[in-house]
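**Student:** Take this structure first; my questions come after.
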Amino acid sequence: MSSVTRTGRSVILVSFTLGTRQDREAMVQRRVGAEVSCVADRPGLRNRRRGSTIERDRPEAGAPAEREGMVSDTPPMHSENSVAARTLTIATNRPRIDEVGEVIYHQVKRIDAVRGLRMTLLVPRNADPKPAILYVPGGGFTSAAHRKFIEMRLALAQAGFVVAAAEYRVVPDVFPAPLEDGKAAVRYLRSHADEYGIDPDRIGVLGDSAGGWLAQMLAMTGDTSEYDRGDWLDTSSAVQAAVSLYGISDLRNIGAGFSDAVGRVHASTASTETLLVHGVAFGDFAGATIDSDPAKALAASPIGHLSGRKPPLLLMHGSADDLVSPVQSEQMAAALRQHDDKVDYVVVNGAGHGDEPWFQPALIENVIAWFQERLLKC
C-alpha cells in the first residue's frame, strides 16, 4: 500500500505493507509522514484522506492546537519569542469628514446654453444640526477656483462646521452676477439643510481677496432680495456672520496709498474691477474706467450698502499687502463702527496678499475661534 506526503513543493511517496489489524492500528497512531493533510476549499478547514473517505479535522478535547507536520489555521497569540509592543490609546473627539463633491447648486440659463455652478462640501459625520460656512474663493474677479484653501476649509470642518466651497461667475460676466451666485449658494444650503445636517439659522461666509469682496457683499445685502435670482426664492439668502481676508470694500480705491504706477493700472479700462463693473470693450463700447461712473462702482462695493443692521464681520488684512491696499479693510471697519455694527478688524503683521502667513495654524485657529463665538454659541 502507498501513501503520499506533501512537503512544501516536494511529494514523497511512502510504501508500506499492512499486516494484522493490530499492526494497522499501530501504524495509524504513527501516521506522521504517512497522512495527507491539505487545506480545504473553505478557509479554516483541512481535509485528510482515510481510506476512501475525506474527513474534516476536528481537534480533540484537550488536544494541542498544532501537531507536528500539520498547519495551524490560527496563529498563536503569544510565543516564547514575543516582542513587546507600545500601546496607543486614541481619543475619538473629532468627527470623520465626508466630502460631497461637485454638487450643482445653481444653473445659469441663457437662450443658447445652461451653465451649472459647482459646490464641494465637507460634512462632519454626526447627527447634530451644524452651522455652515460658505467659502467663496478669490481670483482677481477673473477666476473662482473653489477647491483651494483646503487648510482653512478642513480645519473648519474638523471644528464642527459644514463647509461649502462654491464657484461663481467672474469676468467677462459683470456685476451683480457674482453676488447673485453667492446668494443662490446660501439659499441652496438653507434649502438642503436636512440633507447635509445644517442648522439653517446659522450660516456664515468666508472669502479671500475678491472672495472677501463677495463675502462682504453677502453680509451687507442680506436684508434685501434685490439680488436674488434662480431657485428657492422664498428662502432667505442672509448670512449670520462674515469673514473677509484681505478683501475689497470699495472698488473705487483698491490701490489707495500705493505708487502712481499702481494707480494708473487701477485707473485703466483694463483693470479687473473696471471689467466687473462696466464689462469689456465690444462693438461701439470702447470701455470705461472705474471712476467714469462713481455711483455704479459704489453700488458694486460693500461700502455702498451700509444702511440697515448687519451681521458681525471679521476683517483681516496683511500689513505688507501690495496688491489690495490695507486701506480697504481699515475704511470698511471705520464705516461699520460709525453705524454701530459689530466688526472686528485685525492687521496681520508682515503678511502680504495670500502668502504663507494666511495658511498657518495660528491664523486659521483665529478664524475658527471667531466663527465659533458667532455661530456655535448663538
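Going through the C-alpha cells in order, the chains are called A, B, and so on, while each chain numbers its residues from 1 and the ligands are numbered from 1 in the order shown.
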At a cut-off of 10 Å, using only C-alpha atoms, what residues contact range 329-334 of chain A? Leave out same-chain residues fewer than 4 positions from it and give the result as a ChimeraX atom specification.
**Tutor:** /A:212,216,244-250,302-303,306,313-318,324-325,338-347
**Student:** Which residues are near Met217 in chain A? Cut-off 8 Å, only C-alpha atoms, ignore same chain within fewer than 3 positions. Put them as a list in words.
**Tutor:**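 Here the answer would be Leu179, Trp213, Leu214, Met220, Thr221, Ser301 and Pro302 of chain A.
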**Student:** Could you give me, as a count of residues only, the residues within 9 Å of Ser268 in chain A, counting only C-alpha atoms and dropping anything in the same chain fewer than 5 positions from it?
**Tutor:** 5
**Student:** Looking only at the backbone, which of the residues in range 209-343 of chain A does DSSP tag as alpha helix (DSSP H), as a ChimeraX atom specification?
**Tutor:** /A:210-220,260-266,272-278,294-299,327-338
**Student:** Just the selected residues (C-alpha atoms), exported as an mmCIF file, in the first residue's frame, please.
**Tutor:**
```
data_model
loop_
_atom_site.group_PDB
_atom_site.id
_atom_site.type_symbol
_atom_site.label_atom_id
_atom_site.label_comp_id
_atom_site.auth_asym_id
_atom_site.auth_seq_id
_atom_site.Cartn_x
_atom_site.Cartn_y
_atom_site.Cartn_z
ATOM 1 C CA ALA A 210 -12.103 89.074 -4.466
ATOM 2 C CA GLY A 211 -13.833 86.382 -2.417
ATOM 3 C CA GLY A 212 -13.504 88.721 0.553
ATOM 4 C CA TRP A 213 -15.326 91.343 -1.512
ATOM 5 C CA LEU A 214 -18.115 88.825 -2.186
ATOM 6 C CA ALA A 215 -18.270 87.755 1.473
ATOM 7 C CA GLN A 216 -18.693 91.391 2.465
ATOM 8 C CA MET A 217 -21.352 91.922 -0.225
ATOM 9 C CA LEU A 218 -23.328 88.934 1.049
ATOM 10 C CA ALA A 219 -23.175 90.307 4.588
ATOM 11 C CA MET A 220 -24.144 93.831 3.544
ATOM 12 C CA ASP A 260 1.452 106.200 -9.015
ATOM 13 C CA ALA A 261 2.303 103.303 -11.325
ATOM 14 C CA VAL A 262 -0.153 101.052 -9.467
ATOM 15 C CA GLY A 263 -2.698 103.868 -9.507
ATOM 16 C CA ARG A 264 -2.512 104.040 -13.291
ATOM 17 C CA VAL A 265 -3.246 100.315 -13.548
ATOM 18 C CA HIS A 266 -6.421 100.660 -11.497
ATOM 19 C CA THR A 272 -10.400 93.791 -13.401
ATOM 20 C CA GLU A 273 -12.620 95.922 -11.170
ATOM 21 C CA THR A 274 -13.479 98.060 -14.205
ATOM 22 C CA LEU A 275 -14.331 94.945 -16.219
ATOM 23 C CA LEU A 276 -16.505 93.703 -13.359
ATOM 24 C CA VAL A 277 -18.498 96.940 -13.241
ATOM 25 C CA HIS A 278 -18.565 98.031 -16.889
ATOM 26 C CA PRO A 294 -18.726 106.522 -9.361
ATOM 27 C CA ALA A 295 -22.326 105.706 -8.400
ATOM 28 C CA LYS A 296 -22.254 102.454 -10.350
ATOM 29 C CA ALA A 297 -18.924 101.484 -8.792
ATOM 30 C CA LEU A 298 -20.231 102.316 -5.302
ATOM 31 C CA ALA A 299 -23.333 100.148 -5.823
ATOM 32 C CA VAL A 327 -6.879 100.772 3.464
ATOM 33 C CA GLN A 328 -9.676 98.572 2.098
ATOM 34 C CA SER A 329 -10.279 96.793 5.409
ATOM 35 C CA GLU A 330 -9.466 99.835 7.520
ATOM 36 C CA GLN A 331 -12.054 102.068 5.837
ATOM 37 C CA MET A 332 -14.724 99.359 5.989
ATOM 38 C CA ALA A 333 -14.151 98.798 9.701
ATOM 39 C CA ALA A 334 -14.423 102.531 10.339
ATOM 40 C CA ALA A 335 -17.664 102.790 8.352
ATOM 41 C CA LEU A 336 -19.271 99.842 10.164
ATOM 42 C CA ARG A 337 -18.298 101.187 13.572
ATOM 43 C CA GLN A 338 -19.773 104.549 12.660
#
```
**Student:** How would you write, as number ranges by chain, the set of residues in range 180-292 of chain A that DSSP gives as strand (DSSP E)?
**Tutor:** A: 198-208, 241-245
**Student:** Any chance you can output those residues with N, CA, C and O atoms as a short mmCIF file (atom, residue, chain, number, x, y, z; two decimals), in the first residue's frame?
**Tutor:**
```
data_model
loop_
_atom_site.label_atom_id
_atom_site.label_comp_id
_atom_site.auth_asym_id
_atom_site.auth_seq_id
_atom_site.Cartn_x
_atom_site.Cartn_y
_atom_site.Cartn_z
N ILE A 198 -27.35 70.69 8.37
CA ILE A 198 -27.06 72.11 8.62
C ILE A 198 -28.16 72.73 9.47
O ILE A 198 -29.35 72.44 9.28
N ASP A 199 -27.77 73.58 10.39
CA ASP A 199 -28.71 74.44 11.10
C ASP A 199 -28.97 75.64 10.19
O ASP A 199 -28.07 76.48 10.01
N PRO A 200 -30.15 75.78 9.61
CA PRO A 200 -30.39 76.85 8.62
C PRO A 200 -30.35 78.26 9.21
O PRO A 200 -30.27 79.23 8.45
N ASP A 201 -30.38 78.35 10.53
CA ASP A 201 -30.33 79.67 11.17
C ASP A 201 -28.91 80.12 11.49
O ASP A 201 -28.71 81.20 12.06
N ARG A 202 -27.91 79.28 11.13
CA ARG A 202 -26.52 79.62 11.46
C ARG A 202 -25.64 79.35 10.24
O ARG A 202 -24.99 78.32 10.13
N ILE A 203 -25.63 80.29 9.32
CA ILE A 203 -24.81 80.18 8.11
C ILE A 203 -23.90 81.40 8.02
O ILE A 203 -24.37 82.54 8.07
N GLY A 204 -22.61 81.15 7.91
CA GLY A 204 -21.63 82.22 7.75
C GLY A 204 -20.98 82.15 6.38
O GLY A 204 -21.18 81.19 5.62
N VAL A 205 -20.17 83.16 6.06
CA VAL A 205 -19.48 83.19 4.78
C VAL A 205 -18.04 83.62 5.01
O VAL A 205 -17.75 84.44 5.88
N LEU A 206 -17.14 83.04 4.22
CA LEU A 206 -15.70 83.33 4.31
C LEU A 206 -15.18 83.52 2.90
O LEU A 206 -15.49 82.73 2.00
N GLY A 207 -14.37 84.57 2.69
CA GLY A 207 -13.77 84.79 1.38
C GLY A 207 -12.43 85.49 1.50
O GLY A 207 -12.16 86.18 2.48
N ASP A 208 -11.59 85.28 0.49
CA ASP A 208 -10.28 85.93 0.47
C ASP A 208 -10.13 86.73 -0.82
O ASP A 208 -10.57 86.30 -1.89
N ALA A 241 -22.90 85.67 9.82
CA ALA A 241 -21.54 86.12 10.14
C ALA A 241 -20.72 86.09 8.86
O ALA A 241 -20.99 85.30 7.95
N ALA A 242 -19.69 86.95 8.78
CA ALA A 242 -18.86 87.02 7.57
C ALA A 242 -17.42 87.33 7.93
O ALA A 242 -17.15 88.16 8.80
N VAL A 243 -16.50 86.64 7.24
CA VAL A 243 -15.07 86.87 7.40
C VAL A 243 -14.49 87.25 6.04
O VAL A 243 -14.68 86.53 5.05
N SER A 244 -13.77 88.35 6.00
CA SER A 244 -13.10 88.81 4.78
C SER A 244 -11.60 88.84 5.03
O SER A 244 -11.13 89.54 5.94
N LEU A 245 -10.85 88.08 4.24
CA LEU A 245 -9.39 88.07 4.33
C LEU A 245 -8.82 88.88 3.17
O LEU A 245 -9.07 88.54 2.01
#
```
**Student:** Hey, can you check how far CA of Ala164 in chain A sits from CA of Ile133 in chain A?
**Tutor:**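 CA of Ile133 in chain A lies at a distance of 6.2 Å from CA of Ala164 in chain A.
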**Student:** CA of His192 in chain A to CA of Ala145 in chain A: how many Å, to one decimal?
**Tutor:**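 Pair CA of His192 in chain A / CA of Ala145 in chain A returns 23.0 Å.
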**Student:** Which of these, A:Arg187, A:His353, A:Lys148, A:Arg118, has the shortest distance to Ala166 in chain A once you count only C-alpha atoms?
**Tutor:**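 Comparing A:Arg187, A:His353, A:Lys148, A:Arg118 against Ala166 in chain A, the winner is A:Arg118.
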**Student:** Separation of CA of Ser237 in chain A and CA of Ala184 in chain A, in Å?
**Tutor:**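 Those two atoms sit 7.2 Å apart.
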**Student:** In terms of the shortest atom-to-atom distance over only C-alpha atoms, which of A:Gly350, A:Asp223, A:Asn81, A:Pro172 is closest to Ala281 in chain A?
**Tutor:**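 Looking only at the distances to Ala281 in chain A, the closest residue turns out to be A:Pro172.
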**Student:** Give me the residues within 10 Å of Leu156 in chain A as a PyMOL selection string, counting only C-alpha atoms and dropping any in the same chain fewer than 3 places off.
**Tutor:** chain A and resi 122+124+132-133+150-153+159-163+364-365+367-369+371-372
